[in-house]
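What's in upload_13.pdb: PDB, C-alpha atoms
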```pdb
ATOM      1  CA  MET V 710      88.393-128.283 117.841
ATOM      2  CA  SER V 711      87.458-131.474 116.008
ATOM      3  CA  SER V 712      88.747-133.715 118.819
ATOM      4  CA  TYR V 713      86.904-131.581 121.379
ATOM      5  CA  LEU V 714      83.786-131.855 119.242
ATOM      6  CA  ASN V 715      84.083-135.671 119.072
ATOM      7  CA  ALA V 716      83.738-135.331 115.314
ATOM      8  CA  ASP V 717      83.264-139.044 114.647
ATOM      9  CA  LYS V 718      80.098-139.141 116.754
ATOM     10  CA  THR V 719      78.648-135.649 116.303
ATOM     11  CA  TYR V 720      76.242-134.795 113.480
ATOM     12  CA  LEU V 721      75.753-131.281 112.162
ATOM     13  CA  THR V 722      72.771-129.406 110.827
ATOM     14  CA  LEU V 723      71.794-125.767 110.328
ATOM     15  CA  THR V 724      69.851-123.662 112.779
ATOM     16  CA  PRO V 725      67.125-121.281 111.522
ATOM     17  CA  ALA V 726      69.704-118.476 111.739
ATOM     18  CA  GLY V 727      72.060-120.668 109.713
ATOM     19  CA  ILE V 728      69.379-121.065 107.030
ATOM     20  CA  PHE V 729      69.103-117.297 106.659
ATOM     21  CA  GLU V 730      72.886-116.956 106.493
ATOM     22  CA  ALA V 731      73.419-119.819 104.038
ATOM     23  CA  PHE V 732      70.568-119.284 101.573
ATOM     24  CA  SER V 733      70.057-115.510 101.515
ATOM     25  CA  GLN V 734      72.206-114.609  98.501
ATOM     26  CA  ASN V 735      71.915-115.438  94.811
ATOM     27  CA  GLU V 736      75.734-115.511  94.674
ATOM     28  CA  PRO V 737      76.773-117.282  97.898
ATOM     29  CA  THR V 738      80.243-116.970  99.361
ATOM     30  CA  ASP V 739      82.469-119.984  99.980
ATOM     31  CA  GLU V 740      81.431-119.937 103.637
ATOM     32  CA  GLN V 741      77.751-119.875 102.683
ATOM     33  CA  LEU V 742      78.280-122.791 100.301
ATOM     34  CA  ALA V 743      79.972-124.703 103.112
ATOM     35  CA  LEU V 744      76.893-124.147 105.259
ATOM     36  CA  GLN V 745      74.595-125.187 102.412
ATOM     37  CA  ASP V 746      76.521-128.433 102.067
ATOM     38  CA  LEU V 747      75.139-129.599 105.405
ATOM     39  CA  LEU V 748      71.677-129.852 103.815
ATOM     40  CA  SER V 749      72.819-131.415 100.540
ATOM     41  CA  TYR V 750      72.423-135.054 101.551
ATOM     42  CA  GLY V 751      69.709-137.496 102.496
ATOM     43  CA  GLN V 752      70.830-137.478 106.115
ATOM     44  CA  THR V 753      72.732-135.334 108.558
ATOM     45  CA  LEU V 754      76.501-135.266 108.111
ATOM     46  CA  LEU V 755      79.054-136.304 110.670
ATOM     47  CA  ALA V 756      81.307-133.440 111.674
ATOM     48  CA  ALA V 757      84.274-135.574 110.629
ATOM     49  CA  ASP V 758      82.898-135.941 107.091
ATOM     50  CA  TRP V 759      82.223-132.207 106.749
ATOM     51  CA  LEU V 760      85.716-131.412 108.053
ATOM     52  CA  GLN V 761      87.263-133.440 105.246
ATOM     53  CA  HIS V 762      86.260-130.603 102.902
ATOM     54  CA  TYR V 763      86.042-127.497 105.055
ATOM     55  CA  SER V 764      88.015-125.621 107.667
ATOM     56  CA  ASP V 765      88.008-126.502 111.336
ATOM     57  CA  ILE V 766      88.204-122.756 112.009
ATOM     58  CA  TRP V 767      85.053-122.222 109.947
ATOM     59  CA  LEU V 768      83.207-124.868 111.933
ATOM     60  CA  GLN V 769      84.147-123.284 115.227
ATOM     61  CA  SER V 770      83.075-119.867 113.939
ATOM     62  CA  PHE V 771      79.765-121.154 112.564
ATOM     63  CA  ILE V 772      78.923-122.831 115.877
ATOM     64  CA  GLU V 773      79.843-119.723 117.861
ATOM     65  CA  GLN V 774      77.629-117.570 115.631
ATOM     66  CA  GLY V 775      74.706-119.932 116.137
ATOM     67  CA  TRP V 776      74.500-121.097 112.518
ATOM     68  CA  ILE V 777      75.228-124.786 113.140
ATOM     69  CA  GLU V 778      73.579-127.128 115.616
ATOM     70  CA  LYS V 779      75.334-130.208 116.960
ATOM     71  CA  LEU V 780      73.325-133.434 117.129
ATOM     72  CA  SER V 781      74.020-136.762 118.783
ATOM     73  CA  LEU V 782      71.758-138.739 116.434
ATOM     74  CA  LEU V 783      71.566-139.130 112.662
ATOM     75  CA  LEU V 784      68.453-137.562 111.132
ATOM     76  CA  PRO V 785      67.046-138.394 107.671
ATOM     77  CA  ALA V 786      66.102-135.648 105.237
ATOM     78  CA  PRO V 787      62.385-135.102 104.548
ATOM     79  CA  ASN V 788      61.358-137.427 101.740
ATOM     80  CA  LEU V 789      57.927-136.241 100.635
ATOM     81  CA  PRO V 790      56.826-134.099  97.685
ATOM     82  CA  LEU V 791      56.543-130.519  98.897
ATOM     83  CA  ASP V 792      52.772-130.396  98.366
ATOM     84  CA  GLN V 793      52.460-133.272 100.829
ATOM     85  CA  PHE V 794      55.160-132.055 103.199
ATOM     86  CA  LEU V 795      53.966-128.451 103.538
ATOM     87  CA  PRO V 796      50.837-129.268 105.603
ATOM     88  CA  TYR V 797      53.038-130.962 108.214
ATOM     89  CA  VAL V 798      55.234-127.917 108.756
ATOM     90  CA  VAL V 799      52.860-125.006 108.125
ATOM     91  CA  ALA V 800      51.513-124.910 111.674
ATOM     92  CA  SER V 801      55.043-124.189 112.853
ATOM     93  CA  LEU V 802      55.661-121.507 110.203
ATOM     94  CA  SER V 803      52.465-119.446 110.081
ATOM     95  CA  GLY V 804      50.476-118.010 112.940
ATOM     96  CA  LYS V 805      47.367-118.434 110.764
ATOM     97  CA  ARG V 806      48.293-121.844 109.312
ATOM     98  CA  ARG V 807      48.524-120.425 105.796
ATOM     99  CA  ALA V 808      51.715-120.516 103.729
ATOM    100  CA  ALA V 809      52.906-120.937 100.168
ATOM    101  CA  ILE V 810      56.119-121.504  98.239
ATOM    102  CA  GLY V 811      56.717-119.434  95.115
ATOM    103  CA  SER V 812      59.499-119.241  92.545
ATOM    104  CA  ASP V 813      61.378-116.055  91.733
ATOM    105  CA  GLU V 814      59.593-116.163  88.374
ATOM    106  CA  GLY V 815      56.252-115.667  90.093
ATOM    107  CA  PHE V 816      54.843-119.194  90.021
ATOM    108  CA  CYS V 817      53.178-120.809  93.024
ATOM    109  CA  LEU V 818      54.819-124.178  93.662
ATOM    110  CA  ALA V 819      52.905-125.302  96.729
ATOM    111  CA  ARG V 820      50.315-123.849  99.073
ATOM    112  CA  ILE V 821      48.345-124.612 102.198
ATOM    113  CA  GLY V 822      45.464-122.514 103.537
ATOM    114  CA  TYR V 823      45.553-120.066 100.640
ATOM    115  CA  SER V 824      43.254-120.440  97.639
ATOM    116  CA  GLN V 825      45.028-120.993  94.319
ATOM    117  CA  GLU V 826      44.132-117.445  93.269
ATOM    118  CA  GLU V 827      45.531-115.934  96.473
ATOM    119  CA  ALA V 828      48.718-117.988  96.253
ATOM    120  CA  ASP V 829      49.238-117.079  92.589
ATOM    121  CA  MET V 830      48.728-113.365  93.300
ATOM    122  CA  LEU V 831      51.148-113.418  96.249
ATOM    123  CA  SER V 832      53.753-115.376  94.264
ATOM    124  CA  VAL V 833      53.708-112.756  91.507
ATOM    125  CA  ALA V 834      54.007-109.954  94.070
ATOM    126  CA  ALA V 835      56.903-111.700  95.801
ATOM    127  CA  ALA V 836      58.739-112.111  92.494
ATOM    128  CA  ASP V 837      58.329-108.386  91.847
ATOM    129  CA  PHE V 838      59.892-107.519  95.202
ATOM    130  CA  SER V 839      62.692-110.032  94.705
ATOM    131  CA  GLY V 840      63.513-108.513  91.322
ATOM    132  CA  PHE V 841      63.400-105.008  92.789
ATOM    133  CA  MET V 842      65.921-105.891  95.501
ATOM    134  CA  LEU V 843      68.280-107.535  93.025
ATOM    135  CA  ARG V 844      68.133-104.517  90.699
ATOM    136  CA  GLN V 845      68.854-102.090  93.520
ATOM    137  CA  LYS V 846      71.765-104.212  94.693
ATOM    138  CA  GLN V 847      73.238-104.099  91.169
ATOM    139  CA  ARG V 848      72.906-100.306  91.251
ATOM    140  CA  GLY V 849      74.998-100.138  94.395
ATOM    141  CA  TRP V 850      72.397-100.091  97.129
ATOM    142  CA  ALA V 851      73.554-102.714  99.599
ATOM    143  CA  VAL V 852      70.236-104.483 100.067
ATOM    144  CA  GLU V 853      70.741-107.153 102.683
ATOM    145  CA  SER V 854      67.041-107.860 103.260
ATOM    146  CA  GLN V 855      66.152-111.527 103.538
ATOM    147  CA  ALA V 856      62.453-110.892 104.119
ATOM    148  CA  ILE V 857      59.742-108.285 103.637
ATOM    149  CA  SER V 858      56.682-107.967 105.861
ATOM    150  CA  PHE V 859      53.479-106.010 105.329
ATOM    151  CA  PHE V 860      51.394-104.734 108.223
ATOM    152  CA  GLN V 861      47.712-103.918 108.385
ATOM    153  CA  GLN V 862      47.881-102.178 111.772
ATOM    154  CA  VAL V 863      50.052 -99.123 112.446
ATOM    155  CA  ASP V 864      51.481-100.653 115.626
ATOM    156  CA  LEU V 865      53.632-102.927 113.392
ATOM    157  CA  LEU V 866      53.412-105.777 115.900
ATOM    158  CA  ILE V 867      52.098-108.682 113.836
ATOM    159  CA  PRO V 868      52.597-108.625 110.054
ATOM    160  CA  GLU V 869      49.735-109.431 107.724
ATOM    161  CA  THR V 870      51.946-111.187 105.167
ATOM    162  CA  SER V 871      55.670-111.908 105.031
ATOM    163  CA  PHE V 872      57.902-112.891 102.111
ATOM    164  CA  VAL V 873      61.075-114.811 103.017
ATOM    165  CA  PHE V 874      63.535-114.983 100.099
ATOM    166  CA  LEU V 875      65.833-117.974  99.627
ATOM    167  CA  TRP V 876      68.325-119.009  96.950
ATOM    168  CA  ILE V 877      68.848-122.761  96.612
ATOM    169  CA  ASP V 878      71.223-124.170  93.984
ATOM    170  CA  GLY V 879      70.890-121.046  91.854
ATOM    171  CA  ALA V 880      67.086-120.993  91.940
ATOM    172  CA  GLY V 881      65.141-118.317  93.773
ATOM    173  CA  TYR V 882      62.304-119.242  96.109
ATOM    174  CA  VAL V 883      60.019-117.259  98.363
ATOM    175  CA  LEU V 884      58.272-118.542 101.445
ATOM    176  CA  ILE V 885      54.971-116.680 101.811
ATOM    177  CA  ILE V 886      53.648-116.645 105.374
ATOM    178  CA  ASP V 887      50.273-115.370 106.539
ATOM    179  CA  GLY V 888      50.178-113.777 109.990
ATOM    180  CA  GLU V 889      53.018-114.095 112.475
ATOM    181  CA  PRO V 890      56.092-115.653 110.797
ATOM    182  CA  LEU V 891      57.427-118.465 112.961
ATOM    183  CA  THR V 892      60.674-119.127 111.130
ATOM    184  CA  ASN V 893      62.702-119.595 114.310
ATOM    185  CA  SER V 894      61.754-123.256 114.359
ATOM    186  CA  ARG V 895      63.003-126.659 113.323
ATOM    187  CA  ALA V 896      60.213-126.751 110.722
ATOM    188  CA  PHE V 897      61.899-123.924 108.795
ATOM    189  CA  VAL V 898      65.114-125.943 108.583
ATOM    190  CA  GLU V 899      63.189-129.060 107.516
ATOM    191  CA  LEU V 900      61.404-127.118 104.772
ATOM    192  CA  VAL V 901      64.631-125.765 103.250
ATOM    193  CA  TRP V 902      66.253-129.188 103.570
ATOM    194  CA  ALA V 903      63.327-130.654 101.632
ATOM    195  CA  LEU V 904      63.744-128.033  98.906
ATOM    196  CA  LYS V 905      67.498-128.582  98.764
ATOM    197  CA  THR V 906      67.397-132.377  98.461
ATOM    198  CA  SER V 907      64.228-132.936  96.443
ATOM    199  CA  GLY V 908      64.970-130.697  93.470
ATOM    200  CA  LEU V 909      61.772-130.432  91.432
ATOM    201  CA  LYS V 910      60.201-133.525  92.962
ATOM    202  CA  PHE V 911      57.465-131.390  94.537
ATOM    203  CA  LEU V 912      56.097-130.355  91.124
ATOM    204  CA  ASN V 913      53.325-132.871  90.506
TER     205      ASN V 913
END
```
Structure encoded using structure tokens:
Amino acid sequence: MSSYLNADKTYLTLTPAGIFEAFSQNEPTDEQLALQDLLSYGQTLLAADWLQHYSDIWLQSFIEQGWIEKLSLLLPAPNLPLDQFLPYVVASLSGKRRAAIGSDEGFCLARIGYSQEEADMLSVAAADFSGFMLRQKQRGWAVESQAISFFQQVDLLIPETSFVFLWIDGAGYVLIIDGEPLTNSRAFVELVWALKTSGLKFLN
């Protein structure tokens, strides 16, 4: 596989589906940690470097399942505080150009389009739902939800607000999206990569 992949010249990154797979659990599996490792550096990893630590069989499986994207060029990680970076990606994440990042403790960490009061209220609500899902999972209900959407119209076509839950290095985050969630985009990957590599740099 690695020779077929040309591992010394091929870079790897996650797809949006790979983000959901890698960062959806507060206790990630070894395979999920291997996926997370691709976004742990200041630039994209060569396949050869990743394969020094992880299985060739895993790589083939991850590519087949659409979780890993192969690149021919090195890409740098986003290097801006989240408050500055969010406006650049929000148009690709929210149909209404409004989004926020909250912690699982209910604090708003960054926002665009929302007022501070709206973002704070939604962050608290998201933390409540995150806690609810974790409690039910501990009670034996196999909650696999990675997102919750609320609809204003009964046709259920376009959600009013969506909460996307992510776990990065043991910390819980929620991406709050107003209108149609457009997470099947490169911007979603860039946002999680920024969270993964910047730590708390976005807290001004």
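For the pair CA of Ile886 (chain V) and CA of Phe732 (chain V), the interatomic distance is 17.5 Å.
Take the PyMOL selection byres ((chain V and resi 780) around 10) and apply it to this file: it picks Lys718, Thr719, Tyr720, Leu721, Thr722, Thr753, Leu754, Leu755, Ala756, Ile777, Glu778, Lys779, Ser781, Leu782, Leu783 and Leu784 of chain V.
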Which of V:Leu843, V:Val873, V:Ala834, V:Cys817 sits closest to Phe897 (chain V) [using only C-alpha atoms]
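Nearest candidate to Phe897 (chain V) out of V:Leu843, V:Val873, V:Ala834, V:Cys817: V:Val873.
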Please evaluate the PyMOL selection byres ((chain V and resi 724) around 8) against the displayed coordinates and give the resulting residues as a PyMOL selection string.
chain V and resi 722-723+725-728+775-778+895+898
Residues picked by the PyMOL selection byres ((chain V and resi 815) around 9) here, as an mmCIF file with C-alpha atoms, keeping the file's coordinate frame?
```cif
data_model
loop_
_atom_site.group_PDB
_atom_site.id
_atom_site.type_symbol
_atom_site.label_atom_id
_atom_site.label_comp_id
_atom_site.auth_asym_id
_atom_site.auth_seq_id
_atom_site.Cartn_x
_atom_site.Cartn_y
_atom_site.Cartn_z
ATOM 1 C CA GLY V 811 56.717 -119.434 95.115
ATOM 2 C CA SER V 812 59.499 -119.241 92.545
ATOM 3 C CA ASP V 813 61.378 -116.055 91.733
ATOM 4 C CA GLU V 814 59.593 -116.163 88.374
ATOM 5 C CA PHE V 816 54.843 -119.194 90.021
ATOM 6 C CA CYS V 817 53.178 -120.809 93.024
ATOM 7 C CA ASP V 829 49.238 -117.079 92.589
ATOM 8 C CA MET V 830 48.728 -113.365 93.300
ATOM 9 C CA LEU V 831 51.148 -113.418 96.249
ATOM 10 C CA SER V 832 53.753 -115.376 94.264
ATOM 11 C CA VAL V 833 53.708 -112.756 91.507
ATOM 12 C CA ALA V 834 54.007 -109.954 94.070
ATOM 13 C CA ALA V 835 56.903 -111.700 95.801
ATOM 14 C CA ALA V 836 58.739 -112.111 92.494
ATOM 15 C CA ASP V 837 58.329 -108.386 91.847
#
```
Separation of CA of Val883 (chain V) from CA of Gln734 (chain V), in Å and rounded to one decimal
12.5 Å
From the list V:Tyr823, V:Phe874, V:Tyr882, V:Phe794, the nearest residue to Leu900 (chain V) using all atoms listed in the file is V:Phe794
Distance CA of Asn788 (chain V)-CA of Thr906 (chain V), one decimal place?
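So the two atoms, CA of Asn788 (chain V) and CA of Thr906 (chain V), lie 8.5 Å apart.
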Rank nothing, just name the residue among V:Asn735, V:Glu869, V:Gln752, V:Gly822 nearest to Gly840 (chain V), using all atoms listed in the file.
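Comparing V:Asn735, V:Glu869, V:Gln752, V:Gly822 against Gly840 (chain V), the winner is V:Asn735.
Distance annotation: of V:Glu730, V:Glu827, V:Asp887, V:Asp792, the residue with the minimal separation from Gln745 (chain V) is V:Glu730; atom set is only C-alpha atoms.
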Go through V:Leu760, V:Leu789, V:Leu884, V:Leu748 one by one, measure the shortest atom-to-atom distance of each to Ser803 (chain V) using all atoms listed in the file, and give the residue with the smallest value.
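Ranked by minimum distance to Ser803 (chain V), first place goes to V:Leu884.
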Nearest residue to Asp717 (chain V) from the set V:Leu747, V:Ile821, V:Ala903, V:Ala757 (distances using all atoms listed in the file)
V:Ala757
Would you compute an axis-aligned box for region 809-821 of chain V, covering every atom listed for it in the file with 6 Å of margin on each side, and report centre and edge lengths in Å to one decimal as JSON?
```
{"center_x": 54.9, "center_y": -120.5, "center_z": 95.3, "size_x": 25.0, "size_y": 21.6, "size_z": 25.8}
```
Which residues, protein or nucleic acid, reach to within 12 Å of (87.2, -120.8, 106.8) in the file's coordinates when using only C-alpha atoms, and can you give that as number ranges by chain?
V: 738-744, 760, 762-771
